[in-house]
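Reading through the structure tokens given below for one structure.
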There are 2 protein chains.
Amino acid sequence: MANSRLHHERASLRLIKEKLECSKCDSQHLCLDSCRDEETMHALNSVTISKGPYKIGDFIYKIENQFKSLFIIQSGVIKLEKPLRDGNVYVTGFYFPGDIIGLESAGGAKYSYDAVVLDQAWVCEMPYHYFESQDPSSVLLKEHIISVYGQKLREADRLLAHDRYQTGEQRLLQFLEMLCKKLFTQNLEKTQKIQLPMSKGDIANYLGLRPESISRALQKLQRQGVIRNYKNAIEIVDMKVAKKMICRS
Amino acid sequence: MANSRLHHERASLRLIKEKLECSKCDSQHLCLDSCRDEETMHALNSVTISKGPYKIGDFIYKIENQFKSLFIIQSGVIKLEKPLRDGNVYVTGFYFPGDIIGLESAGGAKYSYDAVVLDQAWVCEMPYHYFESQDPSSVLLKEHIISVYGQKLREADRLLAHDRYQTGEQRLLQFLEMLCKKLFTQNLEKTQKIQLPMSKGDIANYLGLRPESISRALQKLQRQGVIRNYKNAIEIVDMKVAKKMICRS
DNA sequence: CGATCAATTGAGTGTGTTCAATGTCAGTGG
DNA sequence: CCACTGACATTGAACACACTCAATTGATCG
């Protein structure tokens with residue numbers, strides 16, 4: 001069951017044994033940016049719950065669960081996916097430390113996706129009923145969350161636009177570059193070798209391609225000397241060329 | 001400049017000469033649903049501004065304008081699009097009476113798209129600074145808007161998923177069915193003949209296809225007796241078959 | 001009336017798919 | 001320890017959908 005590719009503990013893994021003070025959290029931009037006074041910090045600190053560790057294959061929430069909370073990822077990697085009637089699944093996104101999940105389910109009675117752990121994770125649970133309170137700190141946070149939503153909508157539209165005008169190869173490169181940013185700003189690593197937290201099948205699914213097409217694209221890029229393709233890792237040999245190839249020809 | 005295809009006034013066109021009372025607005029589900037007491041209604045009524053008529057080709061807002069307000073569409077049709085560096089544009093959506101636009105720009109300094117009028121429109125402007133007030137009515141509205149955002153995100157993800165696994169023909173049919181719903185729930189028309197408020201080129205752009213592909217798909221569907229293709233209109237002859245064709249084969 | 005833009009139609013091309021076979025690796029049980 | 005299993009990845013060949021490029025038609029407008 002457990003995907004063994006990641007049994008090697010990532011150097012970056014922070015093992016949080018108890019509730020992390022909001023003032024020490026890496027994801028303050030998501031909530032504390034709304035207001036940084038003593039009182040707000042205390043309110044947030046008392047309403048949020050640190051949870052973990054979640055193991056590979058665990059669910060943070062499942063699609064049939066009642067929508068109750070947002071989750072901010074403190075460590076690990078999580079994918080959101082929706083099972084389809086025909087037995088297939090549709091991978092809708094990958095999330096990393098500092099990201100927030102659950103926003104996409106707001107306004108519904110249940111969660112809209114399964115949140116599956118890809119790399120051992122700790123999360124900060126923020127009960128949604130906090131947003132329904134008249135607490136002054138929540139009022140400011142609501143406003144802030146709205147701007148986060150705007151960003152997410154723009155990102156979704158950007159994806160739609162790019163998916164239309166880029167080849168599979170370009171989307172793949174763009175995905176790898178995003179992965180670089182997400183993983184390396186967190187880990188402060190210098191190398192560009194990416195240990196893939198997700199299967200190549202998941203990547204294919206997310207990018208709207210077949211696993212075969214991903215294989216062929218990776219193989220072609222390797223022949224061109226842009227990347228190196230490993231079993232569960234990819235190394236970007238020439239980031240400059242890679243970035244050039246992403247842009248419209 | 002003005003697209004003349006719609007110079008025939010649509011029967012549904014409501015000419016609002018002055019500010020429409022919130023209590024009489026058709027789009028109450030977007031704002032008043034947050035709270036229906038006297039006080040909230042009065043607060044909304046005093047903060048919103050009815051504007052129009054906007055003519056075909058007018059802009060509700062432009063991409064370089066400072067983000068200031070959300071707009072609820074009271075009548076008419078509006079498209080959102082973004083000019084690309086290469087001179088092309090990317091059409092991101094079509095909006096109808098009861099829809100809200102501007103949400104996608106929240107959190108940014110400027111609007112993220114051009115809002116172009118496709119059919120003579122009246123809108124209700126809701127200044128964004130209202131959301132930054134501590135007014136109790138705005139607190140409830142904020143919460144409501146968050147659930148609207150959740151819906152929009154889910155819709156965006158659904159689009160992404162469908163774009164991946166459906167053919168152009170299926171997406172086109174799905175688009176036409178959506179148009180039916182949007183236009184006919186508003187107009188109470190019985191016929192399934194759709195006067196297209198947007199050009200077929202716009203439809204192609206929105207669906208991520210070439211105009212030629214749209215032409216060919218429409219022609220094929222007409223041969224099959226599912227639709228009838230007119231210059232600026234499309235008639236769905238057999239909605240049952242159309243719906244069947246939309247589903248995954 | 002010519003100019004312009006949208007829509008259509010045709011022929012050839014290409015990217016990604018489908019289907020099927022093979023390869024690789026980790027875990028499991030004899 | 002080795003053979004078996006199952007999931008994931010790779011490779012090949014044939015095919016299909018949508019694209020590109022180009023020419024034509026049609027409608028609208030000055």
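By convention in this document, the chains of the structure tokens carry letters A, B, ... by their order, each chain's residues are numbered from 1, and ligands are numbered from 1 in the order they are shown.
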
Find the residues of chain C that sit at most 9 Å from chain A; for each, write down the nearest two atoms and how far apart they are in Å, to one decimal. Count only C-alpha atoms (C1' of nucleotides). Sort by chain, then by number going up, and give it as JSON lines.
{"residue": "C:DT15", "atom": "C1'", "partner": "A:Thr167", "partner_atom": "CA", "distance": 7.9}
{"residue": "C:DG16", "atom": "C1'", "partner": "A:Ser213", "partner_atom": "CA", "distance": 6.9}
{"residue": "C:DT17", "atom": "C1'", "partner": "A:Arg210", "partner_atom": "CA", "distance": 7.8}
{"residue": "C:DA26", "atom": "C1'", "partner": "A:Ser4", "partner_atom": "CA", "distance": 7.9}

9 Å contacts from chain D to chain A using only C-alpha atoms (C1' of nucleotides), as a PyMOL selection string:
chain D and resi 8-11

I need the chosen residues saved as an mmCIF file, in the first residue's frame, with N, CA, C and O atoms (P, O5', C5', C4', C3', O3' and C1' of nucleotides).
data_model
loop_
_atom_site.group_PDB
_atom_site.id
_atom_site.type_symbol
_atom_site.label_atom_id
_atom_site.label_comp_id
_atom_site.auth_asym_id
_atom_site.auth_seq_id
_atom_site.Cartn_x
_atom_site.Cartn_y
_atom_site.Cartn_z
ATOM 1 P P DC D 8 0.609 2.341 -9.311
ATOM 2 O "O5'" DC D 8 1.899 2.706 -10.166
ATOM 3 C "C5'" DC D 8 3.167 2.726 -9.517
ATOM 4 C "C4'" DC D 8 4.266 2.713 -10.547
ATOM 5 C "C3'" DC D 8 4.118 3.763 -11.653
ATOM 6 O "O3'" DC D 8 5.276 4.582 -11.624
ATOM 7 C "C1'" DC D 8 4.681 1.650 -12.547
ATOM 8 P P DA D 9 5.457 5.809 -12.617
ATOM 9 O "O5'" DA D 9 6.357 5.214 -13.791
ATOM 10 C "C5'" DA D 9 7.587 4.600 -13.484
ATOM 11 C "C4'" DA D 9 8.217 4.047 -14.737
ATOM 12 C "C3'" DA D 9 8.183 4.992 -15.942
ATOM 13 O "O3'" DA D 9 9.521 5.206 -16.378
ATOM 14 C "C1'" DA D 9 7.419 2.826 -16.540
ATOM 15 P P DT D 10 9.839 6.198 -17.572
ATOM 16 O "O5'" DT D 10 9.987 5.222 -18.829
ATOM 17 C "C5'" DT D 10 10.861 4.114 -18.739
ATOM 18 C "C4'" DT D 10 10.670 3.174 -19.904
ATOM 19 C "C3'" DT D 10 10.775 3.819 -21.293
ATOM 20 O "O3'" DT D 10 11.869 3.219 -21.972
ATOM 21 C "C1'" DT D 10 8.959 2.300 -21.160
ATOM 22 P P DT D 11 12.574 3.912 -23.211
ATOM 23 O "O5'" DT D 11 11.850 3.222 -24.450
ATOM 24 C "C5'" DT D 11 11.986 1.827 -24.650
ATOM 25 C "C4'" DT D 11 10.973 1.313 -25.643
ATOM 26 C "C3'" DT D 11 10.838 2.107 -26.946
ATOM 27 O "O3'" DT D 11 11.396 1.336 -27.992
ATOM 28 C "C1'" DT D 11 8.738 1.326 -26.111
#

Name the closest residue to chain B among the candidates A:Val148, A:Ile246, A:Val226, A:Ile60; distances are taken between atoms, counting only C-alpha atoms.
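Smallest distance to chain B is found for A:Val148.
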
Of the listed residues A:Met126, A:Leu196, A:Ile73, A:Cys31, that which approaches Ile146 in chain A most closely, counting only C-alpha atoms
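The shortest atom-to-atom distance to Ile146 in chain A comes from A:Cys31.
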
Choose the residue, out of D:DC29, D:DA18, D:DG12, D:DA3, that has the smallest atom-to-atom separation from DA20 in chain C; count only C-alpha atoms (C1' of nucleotides).
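Residue with the minimum atom-to-atom distance to DA20 in chain C: D:DG12.
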
DSSP says strand (DSSP E) for which residues of range 18-127 of chain A? Put them as an mmCIF file with N, CA and C atoms, in the first residue's frame?
data_model
loop_
_atom_site.group_PDB
_atom_site.id
_atom_site.type_symbol
_atom_site.label_atom_id
_atom_site.label_comp_id
_atom_site.auth_asym_id
_atom_site.auth_seq_id
_atom_site.Cartn_x
_atom_site.Cartn_y
_atom_site.Cartn_z
ATOM 1 N N ILE A 49 -5.404 23.839 14.947
ATOM 2 C CA ILE A 49 -4.941 22.588 15.537
ATOM 3 C C ILE A 49 -3.860 21.990 14.654
ATOM 4 N N SER A 50 -2.692 21.736 15.225
ATOM 5 C CA SER A 50 -1.628 21.077 14.477
ATOM 6 C C SER A 50 -1.876 19.576 14.458
ATOM 7 N N LYS A 51 -1.819 18.972 13.280
ATOM 8 C CA LYS A 51 -2.098 17.536 13.200
ATOM 9 C C LYS A 51 -1.045 16.803 12.374
ATOM 10 N N GLY A 52 -0.693 15.603 12.813
ATOM 11 C CA GLY A 52 0.248 14.790 12.074
ATOM 12 C C GLY A 52 0.892 13.782 13.008
ATOM 13 N N PRO A 53 1.828 12.956 12.550
ATOM 14 C CA PRO A 53 2.202 12.903 11.135
ATOM 15 C C PRO A 53 1.224 12.062 10.330
ATOM 16 N N TYR A 54 0.930 12.503 9.120
ATOM 17 C CA TYR A 54 0.171 11.690 8.185
ATOM 18 C C TYR A 54 1.170 10.932 7.315
ATOM 19 N N PHE A 59 -5.327 9.958 4.112
ATOM 20 C CA PHE A 59 -6.185 11.033 3.629
ATOM 21 C C PHE A 59 -6.267 12.137 4.684
ATOM 22 N N ILE A 60 -6.079 13.384 4.259
ATOM 23 C CA ILE A 60 -6.350 14.508 5.150
ATOM 24 C C ILE A 60 -7.858 14.670 5.260
ATOM 25 N N TYR A 61 -8.516 14.576 4.117
ATOM 26 C CA TYR A 61 -9.974 14.469 4.101
ATOM 27 C C TYR A 61 -10.389 13.674 2.882
ATOM 28 N N SER A 69 -13.195 22.042 7.712
ATOM 29 C CA SER A 69 -11.979 22.811 7.993
ATOM 30 C C SER A 69 -11.164 23.090 6.743
ATOM 31 N N LEU A 70 -10.371 24.132 6.826
ATOM 32 C CA LEU A 70 -9.289 24.333 5.873
ATOM 33 C C LEU A 70 -8.031 23.748 6.490
ATOM 34 N N PHE A 71 -7.052 23.372 5.657
ATOM 35 C CA PHE A 71 -5.805 22.844 6.174
ATOM 36 C C PHE A 71 -4.628 23.562 5.530
ATOM 37 N N ILE A 72 -3.725 24.019 6.364
ATOM 38 C CA ILE A 72 -2.513 24.643 5.865
ATOM 39 C C ILE A 72 -1.392 23.621 6.014
ATOM 40 N N ILE A 73 -0.656 23.395 4.939
ATOM 41 C CA ILE A 73 0.371 22.359 4.945
ATOM 42 C C ILE A 73 1.643 22.897 5.574
ATOM 43 N N GLN A 74 2.086 22.265 6.640
ATOM 44 C CA GLN A 74 3.306 22.706 7.319
ATOM 45 C C GLN A 74 4.518 21.933 6.823
ATOM 46 N N SER A 75 4.303 20.653 6.488
ATOM 47 C CA SER A 75 5.369 19.880 5.845
ATOM 48 C C SER A 75 4.740 18.755 5.052
ATOM 49 N N GLY A 76 5.480 18.219 4.083
ATOM 50 C CA GLY A 76 4.966 17.130 3.278
ATOM 51 C C GLY A 76 4.367 17.600 1.961
ATOM 52 N N VAL A 77 3.808 16.645 1.219
ATOM 53 C CA VAL A 77 3.193 16.938 -0.077
ATOM 54 C C VAL A 77 1.841 16.257 -0.126
ATOM 55 N N ILE A 78 0.860 16.934 -0.673
ATOM 56 C CA ILE A 78 -0.502 16.407 -0.729
ATOM 57 C C ILE A 78 -1.061 16.601 -2.122
ATOM 58 N N LYS A 79 -1.789 15.581 -2.611
ATOM 59 C CA LYS A 79 -2.476 15.771 -3.894
ATOM 60 C C LYS A 79 -3.976 15.762 -3.665
ATOM 61 N N LEU A 80 -4.676 16.552 -4.465
ATOM 62 C CA LEU A 80 -6.142 16.520 -4.464
ATOM 63 C C LEU A 80 -6.589 15.786 -5.707
ATOM 64 N N GLU A 81 -7.506 14.845 -5.542
ATOM 65 C CA GLU A 81 -8.008 14.120 -6.701
ATOM 66 C C GLU A 81 -9.462 13.749 -6.500
ATOM 67 N N LYS A 82 -10.149 13.542 -7.608
ATOM 68 C CA LYS A 82 -11.554 13.192 -7.570
ATOM 69 C C LYS A 82 -11.734 11.893 -8.331
ATOM 70 N N PRO A 83 -12.317 10.885 -7.670
ATOM 71 C CA PRO A 83 -12.619 9.636 -8.379
ATOM 72 C C PRO A 83 -13.739 9.888 -9.375
ATOM 73 N N VAL A 89 -9.380 8.311 -11.794
ATOM 74 C CA VAL A 89 -9.396 9.496 -10.944
ATOM 75 C C VAL A 89 -8.901 10.674 -11.769
ATOM 76 N N TYR A 90 -9.172 11.851 -11.257
ATOM 77 C CA TYR A 90 -8.738 13.074 -11.917
ATOM 78 C C TYR A 90 -7.938 13.888 -10.896
ATOM 79 N N VAL A 91 -6.653 13.998 -11.115
ATOM 80 C CA VAL A 91 -5.774 14.715 -10.192
ATOM 81 C C VAL A 91 -5.874 16.211 -10.472
ATOM 82 N N THR A 92 -6.264 16.969 -9.476
ATOM 83 C CA THR A 92 -6.547 18.385 -9.704
ATOM 84 C C THR A 92 -5.449 19.310 -9.204
ATOM 85 N N GLY A 93 -4.505 18.762 -8.438
ATOM 86 C CA GLY A 93 -3.415 19.622 -8.001
ATOM 87 C C GLY A 93 -2.510 18.974 -6.964
ATOM 88 N N PHE A 94 -1.297 19.531 -6.848
ATOM 89 C CA PHE A 94 -0.334 19.096 -5.836
ATOM 90 C C PHE A 94 -0.057 20.272 -4.909
ATOM 91 N N TYR A 95 0.050 19.988 -3.626
ATOM 92 C CA TYR A 95 0.193 21.071 -2.651
ATOM 93 C C TYR A 95 1.370 20.830 -1.720
ATOM 94 N N ILE A 100 -2.485 26.082 1.072
ATOM 95 C CA ILE A 100 -3.703 25.835 1.829
ATOM 96 C C ILE A 100 -4.627 24.966 0.987
ATOM 97 N N ILE A 101 -5.246 23.987 1.601
ATOM 98 C CA ILE A 101 -6.214 23.158 0.877
ATOM 99 C C ILE A 101 -7.554 23.189 1.611
ATOM 100 N N ASP A 114 -10.600 14.189 -2.720
ATOM 101 C CA ASP A 114 -9.807 13.466 -1.742
ATOM 102 C C ASP A 114 -8.473 14.173 -1.610
ATOM 103 N N ALA A 115 -8.039 14.364 -0.361
ATOM 104 C CA ALA A 115 -6.719 14.950 -0.116
ATOM 105 C C ALA A 115 -5.798 13.824 0.329
ATOM 106 N N VAL A 116 -4.917 13.388 -0.581
ATOM 107 C CA VAL A 116 -4.079 12.211 -0.358
ATOM 108 C C VAL A 116 -2.634 12.637 -0.074
ATOM 109 N N VAL A 117 -2.052 12.041 0.959
ATOM 110 C CA VAL A 117 -0.681 12.379 1.346
ATOM 111 C C VAL A 117 0.322 11.668 0.440
ATOM 112 N N LEU A 118 1.233 12.417 -0.157
ATOM 113 C CA LEU A 118 2.263 11.852 -1.038
ATOM 114 C C LEU A 118 3.611 11.771 -0.333
ATOM 115 N N ASP A 119 3.784 12.624 0.671
ATOM 116 C CA ASP A 119 5.031 12.643 1.420
ATOM 117 C C ASP A 119 4.665 13.042 2.847
ATOM 118 N N GLN A 120 5.167 12.262 3.791
ATOM 119 C CA GLN A 120 4.768 12.428 5.200
ATOM 120 C C GLN A 120 4.498 13.888 5.577
ATOM 121 N N ALA A 121 3.325 14.134 6.125
ATOM 122 C CA ALA A 121 2.863 15.519 6.259
ATOM 123 C C ALA A 121 2.367 15.879 7.655
ATOM 124 N N TRP A 122 2.565 17.158 7.978
ATOM 125 C CA TRP A 122 1.911 17.794 9.120
ATOM 126 C C TRP A 122 1.098 18.962 8.608
ATOM 127 N N VAL A 123 -0.081 19.110 9.171
ATOM 128 C CA VAL A 123 -0.943 20.192 8.711
ATOM 129 C C VAL A 123 -1.487 20.992 9.879
ATOM 130 N N CYS A 124 -1.930 22.193 9.582
ATOM 131 C CA CYS A 124 -2.572 23.059 10.568
ATOM 132 C C CYS A 124 -4.043 23.165 10.202
ATOM 133 N N GLU A 125 -4.905 22.627 11.068
ATOM 134 C CA GLU A 125 -6.336 22.631 10.768
ATOM 135 C C GLU A 125 -6.987 23.917 11.250
ATOM 136 N N MET A 126 -7.709 24.564 10.367
ATOM 137 C CA MET A 126 -8.433 25.778 10.735
ATOM 138 C C MET A 126 -9.924 25.541 10.543
ATOM 139 N N PRO A 127 -10.646 25.305 11.645
ATOM 140 C CA PRO A 127 -12.079 24.982 11.524
ATOM 141 C C PRO A 127 -12.817 26.092 10.789
#
